[in-house]
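**Q** My structure is stored as structure_18.cif, with mmCIF, C-alpha atoms.
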data_model
loop_
_atom_site.label_atom_id
_atom_site.label_comp_id
_atom_site.auth_asym_id
_atom_site.auth_seq_id
_atom_site.Cartn_x
_atom_site.Cartn_y
_atom_site.Cartn_z
CA MET A 1 7.13 1.52 25.78
CA THR A 2 7.75 4.75 23.93
CA LEU A 3 5.32 4.78 21.04
CA ALA A 4 6.57 8.07 19.66
CA GLU A 5 10.14 7.01 18.86
CA PRO A 6 10.19 4.12 16.42
CA ALA A 7 13.63 4.95 15.11
CA VAL A 8 15.43 4.04 18.28
CA ALA A 9 14.42 0.38 18.16
CA ALA A 10 15.47 -2.27 15.68
CA ALA A 11 13.27 -3.09 12.74
CA VAL A 12 11.55 -6.45 12.99
CA SER A 13 12.80 -9.39 10.94
CA PRO A 14 11.58 -9.93 7.38
CA ARG A 15 9.53 -12.89 8.63
CA ILE A 16 7.74 -10.85 11.26
CA TYR A 17 7.33 -7.92 8.89
CA THR A 18 5.41 -10.03 6.38
CA GLU A 19 3.42 -11.73 9.15
CA ILE A 20 2.28 -8.32 10.33
CA GLN A 21 1.44 -7.19 6.79
CA GLN A 22 -0.70 -10.28 6.38
CA PHE A 23 -2.26 -9.71 9.82
CA TYR A 24 -3.29 -6.17 8.91
CA ALA A 25 -4.64 -7.21 5.52
CA HIS A 26 -6.85 -9.83 7.11
CA GLN A 27 -7.88 -7.56 9.97
CA MET A 28 -8.97 -4.71 7.66
CA GLN A 29 -10.91 -7.09 5.41
CA LEU A 30 -12.78 -8.52 8.39
CA LEU A 31 -13.81 -5.01 9.45
CA ASP A 32 -14.88 -3.92 5.97
CA GLN A 33 -16.91 -7.11 5.53
CA ALA A 34 -18.68 -6.31 8.81
CA ARG A 35 -17.33 -9.53 10.33
CA THR A 36 -17.04 -7.64 13.58
CA HIS A 37 -17.02 -10.68 15.82
CA GLU A 38 -13.90 -12.03 14.10
CA TRP A 39 -12.48 -8.52 13.88
CA ALA A 40 -12.77 -8.05 17.63
CA GLU A 41 -10.89 -11.33 18.10
CA THR A 42 -7.83 -9.64 16.54
CA PHE A 43 -7.52 -7.53 19.71
CA THR A 44 -6.44 -8.88 23.07
CA VAL A 45 -9.21 -9.36 25.61
CA ASP A 46 -7.99 -6.19 27.33
CA GLY A 47 -7.26 -4.40 24.04
CA VAL A 48 -7.60 -0.64 23.80
CA PHE A 49 -8.76 1.37 20.77
CA ALA A 50 -8.07 5.10 21.16
CA ALA A 51 -8.62 7.83 18.59
CA ASN A 52 -8.40 11.59 18.60
CA ALA A 53 -11.90 11.53 17.09
CA HIS A 54 -13.31 9.83 20.21
CA PRO A 55 -13.71 11.48 23.62
CA GLU A 56 -12.56 8.31 25.43
CA PRO A 57 -10.66 5.15 24.44
CA ILE A 58 -12.70 2.00 23.87
CA ARG A 59 -11.47 -0.56 26.40
CA GLY A 60 -11.71 -4.32 26.01
CA ARG A 61 -12.62 -6.70 23.21
CA ASP A 62 -16.32 -6.71 24.05
CA ALA A 63 -16.58 -2.93 23.86
CA ILE A 64 -14.55 -2.91 20.63
CA ARG A 65 -16.93 -5.48 19.11
CA ALA A 66 -20.01 -3.54 20.19
CA ALA A 67 -18.71 -0.23 18.83
CA SER A 68 -17.67 -1.67 15.48
CA THR A 69 -20.91 -3.62 15.06
CA LYS A 70 -22.89 -0.42 15.60
CA ALA A 71 -20.67 1.54 13.19
CA ARG A 72 -20.91 -1.12 10.45
CA ALA A 73 -24.70 -1.25 10.78
CA ALA A 74 -24.89 2.51 10.27
CA LEU A 75 -22.73 2.26 7.13
CA ALA A 76 -24.84 -0.56 5.72
CA GLU A 77 -28.00 1.45 6.30
CA ALA A 78 -26.44 4.45 4.55
CA GLY A 79 -25.36 2.30 1.57
CA LEU A 80 -21.68 3.06 2.12
CA GLN A 81 -18.82 0.65 1.54
CA HIS A 82 -15.67 1.41 3.53
CA ARG A 83 -12.22 0.07 2.66
CA HIS A 84 -9.51 0.51 5.24
CA TRP A 85 -6.05 0.68 3.69
CA LEU A 86 -3.05 0.53 5.98
CA GLY A 87 0.40 1.29 4.61
CA MET A 88 3.84 2.73 5.21
CA LEU A 89 4.31 0.11 7.92
CA ASP A 90 7.28 0.82 10.17
CA ALA A 91 7.45 -2.09 12.62
CA ARG A 92 9.98 -2.09 15.47
CA THR A 93 10.76 -4.53 18.22
CA ALA A 94 9.67 -3.52 21.70
CA GLU A 95 9.61 -5.20 25.08
CA GLY A 96 6.98 -7.92 24.84
CA GLY A 97 5.88 -7.15 21.32
CA VAL A 98 6.10 -4.88 18.31
CA VAL A 99 5.39 -1.18 17.92
CA ALA A 100 4.00 -0.48 14.45
CA HIS A 101 3.73 3.04 13.08
CA SER A 102 1.67 3.24 9.92
CA TYR A 103 -0.74 5.32 7.87
CA ALA A 104 -4.35 4.39 7.28
CA VAL A 105 -6.97 5.81 4.97
CA VAL A 106 -10.63 4.97 4.68
CA VAL A 107 -11.91 4.90 1.10
CA GLU A 108 -15.68 5.36 1.09
CA THR A 109 -17.91 4.46 -1.84
CA PRO A 110 -21.65 5.14 -1.85
CA ARG A 111 -23.77 2.57 -3.68
CA GLY A 112 -23.92 3.85 -7.26
CA GLY A 113 -21.59 6.72 -6.39
CA VAL A 114 -18.03 7.96 -6.55
CA PRO A 115 -15.26 6.80 -4.17
CA ALA A 116 -13.41 9.31 -2.00
CA ILE A 117 -10.97 9.30 0.88
CA ARG A 118 -13.14 9.70 3.97
CA HIS A 119 -10.32 9.87 6.52
CA SER A 120 -6.55 10.13 6.43
CA THR A 121 -4.92 8.99 9.64
CA SER A 122 -1.76 7.78 11.27
CA CYS A 123 -1.83 4.68 13.42
CA VAL A 124 0.35 3.46 16.27
CA ASP A 125 -0.23 -0.14 17.35
CA PHE A 126 1.29 -2.21 20.08
CA LEU A 127 1.12 -5.78 18.82
CA VAL A 128 1.66 -8.94 20.82
CA HIS A 129 1.97 -12.57 19.75
CA ASP A 130 0.12 -15.19 21.78
CA GLY A 131 2.11 -18.12 20.36
CA GLN A 132 -0.31 -18.62 17.49
CA ARG A 133 -1.08 -15.22 16.04
CA TRP A 134 -0.65 -11.48 16.29
CA LEU A 135 -3.09 -9.40 18.32
CA VAL A 136 -3.53 -5.67 18.90
CA ARG A 137 -3.15 -4.72 22.52
CA ASP A 138 -3.22 -0.98 21.98
CA ARG A 139 -4.23 1.10 18.96
CA GLN A 140 -4.01 4.87 18.68
CA ILE A 141 -5.57 6.47 15.60
CA THR A 142 -4.90 10.13 14.83
CA ARG A 143 -7.09 11.73 12.18
CA ASP A 144 -5.13 14.28 10.15
CA ASP A 145 -8.01 16.77 10.03
CA LEU A 146 -8.15 16.92 13.84
CA ILE A 147 -4.44 17.46 14.52
CA MET B 1 -11.38 -23.92 -4.23
CA THR B 2 -13.46 -21.70 -1.98
CA LEU B 3 -12.54 -18.14 -2.86
CA ALA B 4 -14.83 -16.61 -0.27
CA GLU B 5 -13.19 -18.10 2.82
CA PRO B 6 -9.56 -17.03 3.07
CA ALA B 7 -9.42 -17.39 6.84
CA VAL B 8 -9.72 -21.14 6.82
CA ALA B 9 -6.46 -21.69 4.92
CA ALA B 10 -2.92 -21.07 6.10
CA ALA B 11 -1.18 -17.86 5.20
CA VAL B 12 1.59 -18.29 2.63
CA SER B 13 5.23 -18.18 3.73
CA PRO B 14 7.08 -14.87 4.00
CA ARG B 15 9.02 -15.79 0.86
CA ILE B 16 5.90 -16.38 -1.20
CA TYR B 17 4.20 -13.33 0.29
CA THR B 18 6.96 -11.02 -0.93
CA GLU B 19 7.13 -12.80 -4.29
CA ILE B 20 3.45 -12.11 -4.77
CA GLN B 21 3.82 -8.47 -3.69
CA GLN B 22 6.57 -8.05 -6.27
CA PHE B 23 4.46 -9.86 -8.87
CA TYR B 24 1.53 -7.52 -8.34
CA ALA B 25 3.74 -4.41 -8.40
CA HIS B 26 5.22 -5.42 -11.73
CA GLN B 27 1.87 -6.50 -13.15
CA MET B 28 0.16 -3.21 -12.29
CA GLN B 29 3.03 -1.17 -13.71
CA LEU B 30 2.89 -3.10 -16.99
CA LEU B 31 -0.81 -2.33 -17.29
CA ASP B 32 -0.47 1.36 -16.45
CA GLN B 33 2.39 1.72 -18.93
CA ALA B 34 0.12 0.20 -21.60
CA ARG B 35 2.53 -2.72 -22.00
CA THR B 36 -0.50 -4.88 -22.55
CA HIS B 37 1.32 -7.67 -24.36
CA GLU B 38 3.56 -8.23 -21.34
CA TRP B 39 0.64 -7.67 -19.01
CA ALA B 40 -1.38 -10.40 -20.70
CA GLU B 41 1.58 -12.76 -20.21
CA THR B 42 1.02 -12.50 -16.44
CA PHE B 43 -2.17 -14.53 -16.90
CA THR B 44 -2.24 -18.22 -17.75
CA VAL B 45 -3.16 -19.04 -21.34
CA ASP B 46 -6.60 -20.03 -20.10
CA GLY B 47 -6.78 -17.17 -17.57
CA VAL B 48 -10.11 -15.61 -16.67
CA PHE B 49 -10.80 -11.97 -15.81
CA ALA B 50 -14.23 -11.45 -14.31
CA ALA B 51 -15.70 -8.24 -12.91
CA ASN B 52 -19.08 -7.18 -11.63
CA ALA B 53 -18.75 -4.22 -14.04
CA HIS B 54 -18.65 -6.59 -17.05
CA PRO B 55 -21.60 -8.61 -18.34
CA GLU B 56 -19.36 -11.64 -19.04
CA PRO B 57 -15.91 -12.80 -17.89
CA ILE B 58 -13.04 -12.32 -20.33
CA ARG B 59 -11.65 -15.77 -21.07
CA GLY B 60 -8.12 -16.53 -22.22
CA ARG B 61 -4.89 -14.56 -22.51
CA ASP B 62 -5.62 -13.40 -26.05
CA ALA B 63 -8.98 -11.92 -25.10
CA ILE B 64 -7.45 -10.31 -22.00
CA ARG B 65 -4.75 -8.73 -24.16
CA ALA B 66 -7.25 -7.43 -26.69
CA ALA B 67 -9.55 -5.94 -24.06
CA SER B 68 -6.74 -4.21 -22.18
CA THR B 69 -5.15 -2.86 -25.36
CA LYS B 70 -8.46 -1.32 -26.35
CA ALA B 71 -8.99 0.16 -22.87
CA ARG B 72 -5.47 1.63 -22.71
CA ALA B 73 -5.88 3.23 -26.13
CA ALA B 74 -9.08 4.93 -25.00
CA LEU B 75 -7.34 6.29 -21.89
CA ALA B 76 -4.41 7.60 -23.94
CA GLU B 77 -6.78 9.34 -26.32
CA ALA B 78 -8.61 10.93 -23.38
CA GLY B 79 -5.32 12.11 -21.81
CA LEU B 80 -5.87 10.07 -18.67
CA GLN B 81 -3.15 8.35 -16.64
CA HIS B 82 -4.35 5.43 -14.55
CA ARG B 83 -2.43 3.98 -11.61
CA HIS B 84 -3.63 0.68 -10.23
CA TRP B 85 -2.78 0.25 -6.56
CA LEU B 86 -3.27 -3.14 -4.97
CA GLY B 87 -3.02 -3.50 -1.21
CA MET B 88 -4.23 -5.25 1.92
CA LEU B 89 -2.96 -8.49 0.43
CA ASP B 90 -4.23 -11.57 2.24
CA ALA B 91 -2.60 -14.56 0.53
CA ARG B 92 -3.54 -18.12 1.52
CA THR B 93 -2.41 -21.50 0.32
CA ALA B 94 -4.87 -23.44 -1.78
CA GLU B 95 -4.79 -26.67 -3.74
CA GLY B 96 -2.48 -26.02 -6.68
CA GLY B 97 -1.80 -22.38 -5.92
CA VAL B 98 -2.60 -19.37 -3.84
CA VAL B 99 -5.85 -17.53 -3.20
CA ALA B 100 -5.19 -13.82 -2.74
CA HIS B 101 -7.81 -11.45 -1.38
CA SER B 102 -6.89 -7.81 -1.77
CA TYR B 103 -8.16 -4.31 -2.37
CA ALA B 104 -7.43 -2.31 -5.51
CA VAL B 105 -8.03 1.31 -6.39
CA VAL B 106 -7.52 3.10 -9.67
CA VAL B 107 -6.10 6.60 -9.29
CA GLU B 108 -6.91 8.64 -12.38
CA THR B 109 -5.11 11.84 -13.35
CA PRO B 110 -6.09 13.91 -16.36
CA ARG B 111 -3.21 15.64 -18.16
CA GLY B 112 -2.90 19.01 -16.44
CA GLY B 113 -5.62 18.06 -13.95
CA VAL B 114 -6.30 16.79 -10.46
CA PRO B 115 -5.97 13.13 -9.41
CA ALA B 116 -8.94 11.24 -8.00
CA ILE B 117 -9.88 7.71 -7.10
CA ARG B 118 -11.75 6.42 -10.13
CA HIS B 119 -12.68 3.01 -8.73
CA SER B 120 -12.49 1.28 -5.38
CA THR B 121 -12.63 -2.48 -5.66
CA SER B 122 -11.90 -5.74 -3.97
CA CYS B 123 -10.00 -8.44 -5.83
CA VAL B 124 -9.86 -12.21 -5.49
CA ASP B 125 -7.12 -13.92 -7.50
CA PHE B 126 -6.24 -17.55 -7.93
CA LEU B 127 -2.50 -17.57 -8.59
CA VAL B 128 -0.43 -20.46 -9.87
CA HIS B 129 3.33 -20.90 -10.21
CA ASP B 130 4.67 -22.43 -13.40
CA GLY B 131 8.12 -23.20 -11.96
CA GLN B 132 9.50 -19.83 -12.97
CA ARG B 133 6.97 -17.21 -12.06
CA TRP B 134 3.51 -16.45 -10.72
CA LEU B 135 0.55 -16.21 -13.05
CA VAL B 136 -3.11 -15.29 -12.59
CA ARG B 137 -5.44 -18.11 -13.50
CA ASP B 138 -8.60 -16.45 -12.25
CA ARG B 139 -9.33 -12.86 -11.25
CA GLN B 140 -12.58 -11.53 -9.85
CA ILE B 141 -12.91 -7.77 -9.43
CA THR B 142 -15.82 -6.32 -7.47
CA ARG B 143 -16.37 -2.59 -7.77
CA ASP B 144 -17.65 -1.11 -4.52
CA ASP B 145 -20.14 1.21 -6.21
CA LEU B 146 -21.87 -1.74 -7.88
CA ILE B 147 -22.27 -3.98 -4.83
CA MET C 1 22.18 1.55 -15.07
CA THR C 2 19.00 1.47 -17.11
CA LEU C 3 16.28 2.83 -14.88
CA ALA C 4 13.57 2.37 -17.48
CA GLU C 5 13.79 -1.42 -17.79
CA PRO C 6 13.11 -3.11 -14.48
CA ALA C 7 11.91 -6.31 -16.04
CA VAL C 8 15.31 -7.34 -17.35
CA ALA C 9 16.91 -7.59 -13.90
CA ALA C 10 16.20 -10.12 -11.18
CA ALA C 11 13.85 -9.26 -8.36
CA VAL C 12 15.59 -8.70 -5.04
CA SER C 13 15.41 -11.38 -2.32
CA PRO C 14 12.50 -11.45 0.11
CA ARG C 15 14.84 -10.18 2.84
CA ILE C 16 15.90 -7.15 0.83
CA TYR C 17 12.35 -6.54 -0.37
CA THR C 18 11.06 -6.20 3.17
CA GLU C 19 14.09 -4.13 4.22
CA ILE C 20 13.27 -1.69 1.45
CA GLN C 21 9.58 -1.60 2.36
CA GLN C 22 10.56 -0.75 5.94
CA PHE C 23 13.07 1.83 4.69
CA TYR C 24 10.42 3.62 2.63
CA ALA C 25 7.88 3.52 5.45
CA HIS C 26 10.33 5.16 7.82
CA GLN C 27 11.54 7.64 5.22
CA MET C 28 8.03 8.84 4.35
CA GLN C 29 7.08 9.20 8.01
CA LEU C 30 10.17 11.30 8.69
CA LEU C 31 9.21 13.63 5.86
CA ASP C 32 5.57 13.95 6.87
CA GLN C 33 6.59 14.63 10.47
CA ALA C 34 8.83 17.44 9.18
CA ARG C 35 11.87 15.65 10.58
CA THR C 36 13.75 16.91 7.56
CA HIS C 37 17.21 16.59 9.10
CA GLU C 38 16.71 12.86 9.61
CA TRP C 39 14.92 12.62 6.28
CA ALA C 40 17.88 14.11 4.44
CA GLU C 41 20.10 11.50 6.11
CA THR C 42 18.25 8.84 4.13
CA PHE C 43 19.94 10.13 0.98
CA THR C 44 23.62 9.70 0.19
CA VAL C 45 25.76 12.79 0.67
CA ASP C 46 25.78 13.18 -3.12
CA GLY C 47 22.13 12.14 -3.48
CA VAL C 48 20.01 13.57 -6.28
CA PHE C 49 16.29 14.37 -6.16
CA ALA C 50 14.84 15.03 -9.59
CA ALA C 51 11.21 15.66 -10.51
CA ASN C 52 9.37 16.64 -13.65
CA ALA C 53 7.74 19.35 -11.50
CA HIS C 54 11.14 20.98 -10.84
CA PRO C 55 13.20 22.84 -13.44
CA GLU C 56 16.46 21.33 -12.11
CA PRO C 57 17.37 18.33 -9.96
CA ILE C 58 18.24 19.02 -6.32
CA ARG C 59 21.81 17.84 -5.82
CA GLY C 60 23.34 16.78 -2.51
CA ARG C 61 22.02 16.01 0.96
CA ASP C 62 22.37 19.60 2.15
CA ALA C 63 20.30 20.98 -0.71
CA ILE C 64 17.71 18.22 -0.22
CA ARG C 65 17.45 19.11 3.48
CA ALA C 66 17.08 22.81 2.75
CA ALA C 67 14.41 22.30 0.11
CA SER C 68 12.34 19.93 2.23
CA THR C 69 12.62 22.13 5.34
CA LYS C 70 11.29 25.07 3.35
CA ALA C 71 8.47 23.01 1.87
CA ARG C 72 7.42 21.57 5.25
CA ALA C 73 7.37 25.05 6.80
CA ALA C 74 5.05 26.26 4.06
CA LEU C 75 2.69 23.32 4.67
CA ALA C 76 2.67 23.93 8.42
CA GLU C 77 1.83 27.57 7.88
CA ALA C 78 -1.01 26.63 5.54
CA GLY C 79 -2.38 24.10 8.07
CA LEU C 80 -1.93 21.16 5.68
CA GLN C 81 -0.92 17.65 6.67
CA HIS C 82 0.71 15.62 3.92
CA ARG C 83 1.00 11.83 3.94
CA HIS C 84 3.29 10.27 1.36
CA TRP C 85 2.22 6.76 0.43
CA LEU C 86 4.56 4.65 -1.66
CA GLY C 87 3.36 1.38 -3.13
CA MET C 88 3.51 -1.11 -5.98
CA LEU C 89 7.19 -1.57 -5.19
CA ASP C 90 9.09 -3.37 -7.94
CA ALA C 91 12.67 -3.73 -6.69
CA ARG C 92 15.37 -5.19 -8.94
CA THR C 93 19.04 -5.86 -8.45
CA ALA C 94 21.43 -3.54 -10.27
CA GLU C 95 25.17 -3.03 -10.31
CA GLY C 96 26.04 -1.60 -6.91
CA GLY C 97 22.51 -1.38 -5.58
CA VAL C 98 18.83 -1.75 -6.26
CA VAL C 99 16.56 -0.04 -8.79
CA ALA C 100 13.09 0.43 -7.32
CA HIS C 101 10.13 1.38 -9.47
CA SER C 102 7.10 2.39 -7.45
CA TYR C 103 4.05 4.62 -7.27
CA ALA C 104 3.63 7.42 -4.76
CA VAL C 105 0.66 9.57 -3.85
CA VAL C 106 0.46 12.53 -1.53
CA VAL C 107 -2.71 12.62 0.56
CA GLU C 108 -3.35 16.17 1.77
CA THR C 109 -5.65 17.06 4.65
CA PRO C 110 -6.38 20.65 5.66
CA ARG C 111 -6.90 21.20 9.38
CA GLY C 112 -10.61 20.73 9.90
CA GLY C 113 -11.05 19.77 6.25
CA VAL C 114 -11.46 16.90 3.84
CA PRO C 115 -8.55 14.72 2.62
CA ALA C 116 -7.74 14.48 -1.09
CA ILE C 117 -5.02 13.10 -3.30
CA ARG C 118 -2.78 16.08 -4.02
CA HIS C 119 -0.38 14.33 -6.39
CA SER C 120 -0.20 10.98 -8.13
CA THR C 121 3.31 10.08 -9.23
CA SER C 122 5.64 7.32 -10.25
CA CYS C 123 9.03 7.03 -8.61
CA VAL C 124 12.31 5.50 -9.74
CA ASP C 125 14.97 5.20 -7.04
CA PHE C 126 18.52 3.96 -7.15
CA LEU C 127 19.19 2.63 -3.67
CA VAL C 128 22.56 1.72 -2.19
CA HIS C 129 23.47 -0.02 1.06
CA ASP C 130 26.33 1.40 3.11
CA GLY C 131 26.77 -1.72 5.24
CA GLN C 132 24.30 -0.53 7.84
CA ARG C 133 21.30 0.82 6.04
CA TRP C 134 19.69 1.70 2.73
CA LEU C 135 20.14 5.14 1.21
CA VAL C 136 18.74 6.88 -1.86
CA ARG C 137 21.43 7.88 -4.31
CA ASP C 138 19.08 8.97 -7.07
CA ARG C 139 15.33 9.66 -7.06
CA GLN C 140 13.23 10.56 -10.07
CA ILE C 141 9.62 11.59 -9.42
CA THR C 142 7.20 11.92 -12.32
CA ARG C 143 3.90 13.62 -11.60
CA ASP C 144 1.08 12.10 -13.63
CA ASP C 145 -0.56 15.44 -14.39
CA LEU C 146 2.62 16.72 -16.05
CA ILE C 147 3.30 13.73 -18.31
#
Take the structure from the file and write it as structure tokens.
**A**
Amino acid sequence: MTLAEPAVAAAVSPRIYTEIQQFYAHQMQLLDQARTHEWAETFTVDGVFAANAHPEPIRGRDAIRAASTKARAALAEAGLQHRHWLGMLDARTAEGGVVAHSYAVVVETPRGGVPAIRHSTSCVDFLVHDGQRWLVRDRQITRDDLI
Amino acid sequence: MTLAEPAVAAAVSPRIYTEIQQFYAHQMQLLDQARTHEWAETFTVDGVFAANAHPEPIRGRDAIRAASTKARAALAEAGLQHRHWLGMLDARTAEGGVVAHSYAVVVETPRGGVPAIRHSTSCVDFLVHDGQRWLVRDRQITRDDLI
Amino acid sequence: MTLAEPAVAAAVSPRIYTEIQQFYAHQMQLLDQARTHEWAETFTVDGVFAANAHPEPIRGRDAIRAASTKARAALAEAGLQHRHWLGMLDARTAEGGVVAHSYAVVVETPRGGVPAIRHSTSCVDFLVHDGQRWLVRDRQITRDDLI
């Protein structure tokens, strides 16, 4: 799996492309609604969440759930609403799944305040289908300010 | 119709998903071009536009047209260009139509000035198809700063 | 070809709509990764890039490559990461291709700094298919601050 070279693989079918768009839309809404239990279920049990803002990858659904629950609680206490937007989705077939290169921004709005882009990032996901639905097996988030 | 629980219903087909994406793209462009007559035609005659920023829902296509025409005129006078972006579209089948949960931001640019996100919102639409095209029967906009 | 009147032509099929979404995603990522040789290949040999921010249109793939290579080098030197987001895609069939009306923003992040929307624009593309892939024959970018 070569995550860095999307262009060499074929684009996914229109059907899979829209399935993945819908998957991301639902996944981001779960996170921003602090439905972190359901959000964690969108990763495989052995899913990995890596980011250049973190010293180490988060490994496994349970650890992903725990980290996101803690992060959402801190936002709620601070009166901040986050909205994760994912776009510019370039989804390519790969052995056993789909490699999706995309952009993601976090729009942050304080209660009674003015919205702003908190983070601008690029995202590389390895997605697998378990027969019923798409799941993230591996996510790599690169914040633009830390490149 | 339970607008708050998109996850319980099936996602729409790829065909309908792209139709709705195209519908929203056209609808937002009509609004931002101040083509408010055509924009109002994208709602049903009895369409409702509700927002947590408004004291009362706007009821009916004529009232929606009048309100948007007034708002666009004020923007033009102030030299402000608005761009409505809708994304993270989660569209689910419902009895008689489609329930679409999405995010929307308004990017505002003053003439000669710097763009900024004016509003960050979430949107819940009930969409119906009249045999020829999609229409909004009910729209609920929730501004993040007012939650 | 009347670029200003998308509503009069039929929307493209779901298949073509998703192909074009994938095309744009890949095209924007090539640009933001400074892969300007590959980026220029997404235009026809006689492709035109016009913008209300430029005194004259850029004509031809070679000139487009040269201009973008120069612009990317300047950004790299300044320590700025740009992310081009295209959205609100309204794609309509036209004689010999597709007319796509969309919005585009440039999110700019300084190294170690805070992201912001650098430009808010609307985009009108005339896209053609060469039997293998989509290409831009004509692009018109209108910056909102210069309207």
**Q** Show me as a ChimeraX atom specification the residues that reach within 8 Å of (3.6, -8.9, 0.3), counting only C-alpha atoms and using the file's own coordinates.
**A** /A:18,21-22 /B:14,16-22,89
**Q** Give me the result of the PyMOL selection byres ((chain C and resi 93-99) around 12) on this file, residue by residue, as number ranges by chain.
**A** C: 1-13, 16-17, 19-20, 89-92, 100-102, 123-131, 133-140
**Q** Once the PyMOL selection byres ((chain C) within 6 of (chain A)) is applied to the coordinates I shared, what remains selected? I want it as a list in words.
**A**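 This file gives the following for the PyMOL selection byres ((chain C) within 6 of (chain A)): Arg15, Thr18, Gln22, Ala25, His26, Thr109, Arg111, Gly112 and Gly113 of chain C.
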**Q** So which residues get picked by the PyMOL selection byres ((chain A and resi 58) around 6) here, written as a list in words?
**A**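 Evaluating the PyMOL selection byres ((chain A and resi 58) around 6) on these coordinates yields Val48, Phe49, Pro57 and Arg59 of chain A.
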**Q** Which one is closest to Glu38 (chain C): C:Ala76, C:Ala53, C:Arg65, C:Tyr24? Count all atoms listed in the file.
**A**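 Using all atoms listed in the file, the shortest distance to Glu38 (chain C) belongs to C:Arg65.
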**Q** Smallest atom-to-atom distance to His37 (chain A): which of A:Glu56, A:Asp62, A:Glu108, A:Glu77, using all atoms listed in the file?
**A**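 Using all atoms listed in the file, His37 (chain A) sits closest to A:Asp62.
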**Q** First collect every listed atom of region 74-93 of chain C; then fit an axis-aligned box around them, widen it by 3 Å on each side, and give centre and edge lengths in Å to one decimal, as AutoDock Vina command-line options.
**A**
--center_x 8.3 --center_y 10.9 --center_z -0.3 --size_x 27.4 --size_y 39.4 --size_z 23.4
**Q** In Å to one decimal, how far is CA of Leu31 (chain B) from CA of Met28 (chain A)?
**A**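 So the answer is 26.4 Å.
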**Q** What does the distance between CA of Trp85 (chain C) and CA of Val114 (chain C) come to in Å, to one decimal place?
**A**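 Going from CA of Trp85 (chain C) over to CA of Val114 (chain C) covers 17.4 Å.
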**Q** In Å, how far is it from CA of His82 (chain A) to CA of Val107 (chain A)?
**A**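 Rounded to one decimal, the two atoms are 5.7 Å apart.
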**Q** When you look at Gln33 (chain A) with a cut-off of 10 Å (counting only C-alpha atoms), what residues show up, excluding the ones that are within fewer than 6 positions of it in the same chain? I need them as a list of chain:residue names.
**A**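 So the residues in contact are A:Trp39, A:Arg72, A:Gln81, A:His82, A:Arg83.
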